[in-house]
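Notes follow once the structure below has been shown.
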Amino acid sequence: MKKVLLTAAAVLSLTFVNAQDLKSKKGEAYLPVAGDWAVSFNADGIFEYAGNAFNGNTNNSAPSVDFVTNNAFVGKKFITDKMAYRVVANLGFGSSNDKNPIGGNTTLENKNSGFDLTAGIGKEWRKGSTRLQGFYGADALFNINSSTNEQINTNTTNGSFQNSTKVKSGLGLGLGVQGFLGAEYFIFPKFAIGAQYTYRVGFDVQGKSETTTNNGLTTTTVDGGKSSNFGFGNVGITSINLTLHF
C-alpha cells in the first residue's frame with residue numbers, strides 16, 4: 001500500500017511539474033490557444049550566423065529571416081487550441097539596371113524586371129500536450145509569375161545605340177496542393193522554434209516567350225514555345241522556423 005501511495009504521489013508530482021511547465025513564472029501560457037494569431041519565419045540564416053560566431057569565422061553574415069514556404073508569407077489563425085487556418089500570400093516586384101563596359105568602345109546595359117504572386121489557404125492540426133508540439137496539414141496554392149530581360153549595347157564614346165535583345169518570359173501559372181509536417185518546441189511563451197518539411201503536388205503552365213532583337217536597322221520578334229508539367233515535390237522546402245504567436 002505504501003508503494004502504491006508513493007507511486008501515485010510521484011505521478012501527481014510529475015503531472016504538476018509538467019502542468020507548471022506550460023506556464024511561465026509570470027503565469028503566461030507557452031502554447032497557442034483558440035483566437036491566437038501566428039507568423040512563421042525561416043531561421044536558417046540566424047543559426048548560420050550563430051554557428052559562425054562560435055567557430056570564430058570572421059565572414060559572418062548578418063542574421064536574417066526568410067520565407068517558410070518558398071517565396072511566400074505564412075500566417076495562422078487558431079480556431080481551437082489544436083487547429084488553425086493558414087494564409088499563404090506573397091506579391092513581389094523586382095527590377096534592376098546596370099551598365100558595364102565589355103571591351104573596345106561598347107557598354108552593355110542589363111535591364112531586368114519581374115513579378116511573382118503566390119496565394120493560398122490551408123489548414124493545420126497539432127498534436128502534443130507539452131511544450132514539444134507536432135503539426136501537420138495542407139495548403140492549396142496558386143502562383144503566377146513573369147519576367148523580362150533586356151540587353152542593350154551602346155557606343156561608350158558617344159552613347160549611340162548599337163543593338164539590343166529583349167526576352168519576355170511567358171506568363172507562368174501554377175496550381176497545386178502542398179502538404180507539410182513538422183514539430184516545434186516553445187522555448188518562451190508563444191515563441192517556438194521548430195522544423196518542417198513541405199511537399200507539393202501540382203500542375204504548372206508556362207506561356208510562350210518572346211524574343212525581340214534590334215540591330216539598329218531592323219527589329220525582329222520571335223515567339224518561343226509553351227510548356228506544361230505535372231509533378232510531385234521539387235517545390236517544397238525543409239526549413240528551421242521561428243514562430244511567434246500573439
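The chains in the C-alpha cells are called A, B, ... from first to last as shown; in each chain the residues are counted from 1, and the ligands are counted from 1 in the order shown.
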When you look at A:Gly128 with a cut-off of 10 Å (counting only C-alpha atoms), what residues show up, excluding the ones that are within fewer than 5 positions of it in the same chain? I need them as a compact mmCIF listing (two decimals) with C-alpha atoms, in the first residue's frame.
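Saved to selection-v6.txt:
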```
# COMPACT_ATOMS: atom_id res chain seq x y z
CA LYS A 82 -5.28 22.28 -31.77
CA GLN A 133 4.30 20.11 -30.38
CA GLY A 134 3.88 18.29 -33.67
CA PHE A 135 1.89 19.74 -36.54
CA ALA A 183 7.50 19.83 -34.93
```
Dump as CSV the rows for residues of stretch 59-146 of chain A within 10 Å of stretch 192-210 of chain A: closest atom pair and distance in Å with one decimal, only C-alpha atoms counted, ordered by chain and rising residue number.
```
residue,atom,partner,partner_atom,distance
A:Val68,CA,A:Gln196,CA,8.6
A:Thr69,CA,A:Thr198,CA,7.9
A:Asn70,CA,A:Thr198,CA,9.7
A:Arg131,CA,A:Ala192,CA,8.8
A:Leu132,CA,A:Ala192,CA,9.1
A:Gln133,CA,A:Gly194,CA,9.0
A:Gly134,CA,A:Gly194,CA,9.2
A:Phe135,CA,A:Gln196,CA,8.7
A:Tyr136,CA,A:Gln196,CA,8.9
A:Gly137,CA,A:Thr198,CA,9.7
A:Ala138,CA,A:Thr198,CA,8.8
A:Asp139,CA,A:Arg200,CA,9.1
A:Ala140,CA,A:Arg200,CA,9.5
A:Leu141,CA,A:Gly202,CA,8.8
A:Phe142,CA,A:Gly202,CA,9.5
A:Asn143,CA,A:Asp204,CA,8.9
A:Ile144,CA,A:Val205,CA,9.6
A:Asn145,CA,A:Gln206,CA,9.3
A:Ser146,CA,A:Gln206,CA,9.3
```
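For the pair atom CA of A:Ser239 and atom CA of A:Ala34, the separation is 25.8 Å.
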Do a neighbour search on A:Asn155 at 12 Å with only C-alpha atoms, toss out local chain neighbours closer than 2 positions, and write the hits as a PyMOL selection string. chain A and resi 99-109+152-153+157-163
At a cut-off of 10 Å, using only C-alpha atoms, what residues contact stretch 217-221 of chain A? Leave out same-chain residues fewer than 3 positions from it and give the result as a PyMOL selection string. chain A and resi 162-167+210-214+224
Requested write-out: C-alpha atoms of the selected residues, as a PDB file, in the first residue's frame:
```pdb
ATOM      1  CA  GLN A 162      24.277  49.671 -81.444  1.00  0.00           C
ATOM      2  CA  ASN A 163      21.936  46.714 -80.861  1.00  0.00           C
ATOM      3  CA  SER A 164      19.635  45.136 -78.298  1.00  0.00           C
ATOM      4  CA  THR A 165      17.947  41.878 -77.333  1.00  0.00           C
ATOM      5  CA  LYS A 166      14.791  41.735 -75.209  1.00  0.00           C
ATOM      6  CA  VAL A 167      13.384  38.486 -73.831  1.00  0.00           C
ATOM      7  CA  GLU A 210       9.012  36.413 -76.882  1.00  0.00           C
ATOM      8  CA  THR A 211      12.479  37.474 -78.073  1.00  0.00           C
ATOM      9  CA  THR A 212      12.913  40.824 -79.823  1.00  0.00           C
ATOM     10  CA  THR A 213      16.223  41.799 -81.449  1.00  0.00           C
ATOM     11  CA  ASN A 214      17.170  45.185 -82.887  1.00  0.00           C
ATOM     12  CA  GLY A 224       9.214  30.728 -78.143  1.00  0.00           C
TER      13      GLY A 224
END
```
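Remark: for A:Trp37, the closest of the candidate residues A:Gly75, A:Gly216, A:Gly172, A:Gly122 is A:Gly75 (distances computed over only C-alpha atoms).
Contact shell of stretch 83-96 of chain A at 8 Å (only C-alpha atoms; same-chain neighbours under 6 positions omitted): Thr69, Asn71, Ala72, Phe73, Val74, Gly75, Lys76, Lys77, Asn110, Lys111, Asn112, Ser113, Gly114, Phe115, Asp116, Leu117, Thr118, Ala119, Gly120, Ile121, Gly122, Lys123, Glu124, Trp125, Arg126, Asp139 and Leu141 of chain A.
A straight line drawn from atom CA of A:Glu150 to atom CA of A:Lys168 is 8.5 Å long.
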Which of stretch 50-216 of chain A end up as strand (DSSP E) when DSSP is run on this backbone - answer as a ChimeraX atom specification? /A:73-80,83-101,106-127,132-155,161-168,172-188,191-206,210-214
Considering only C-alpha atoms, state which residue in the set A:Asn229, A:Thr148, A:Asn215, A:Ser24 is at the smallest distance from A:Pro189. A:Ser24
Just give me the gap between atom CA of A:Gly176 and atom CA of A:Thr80 in Å, one decimal is fine. 26.5 Å
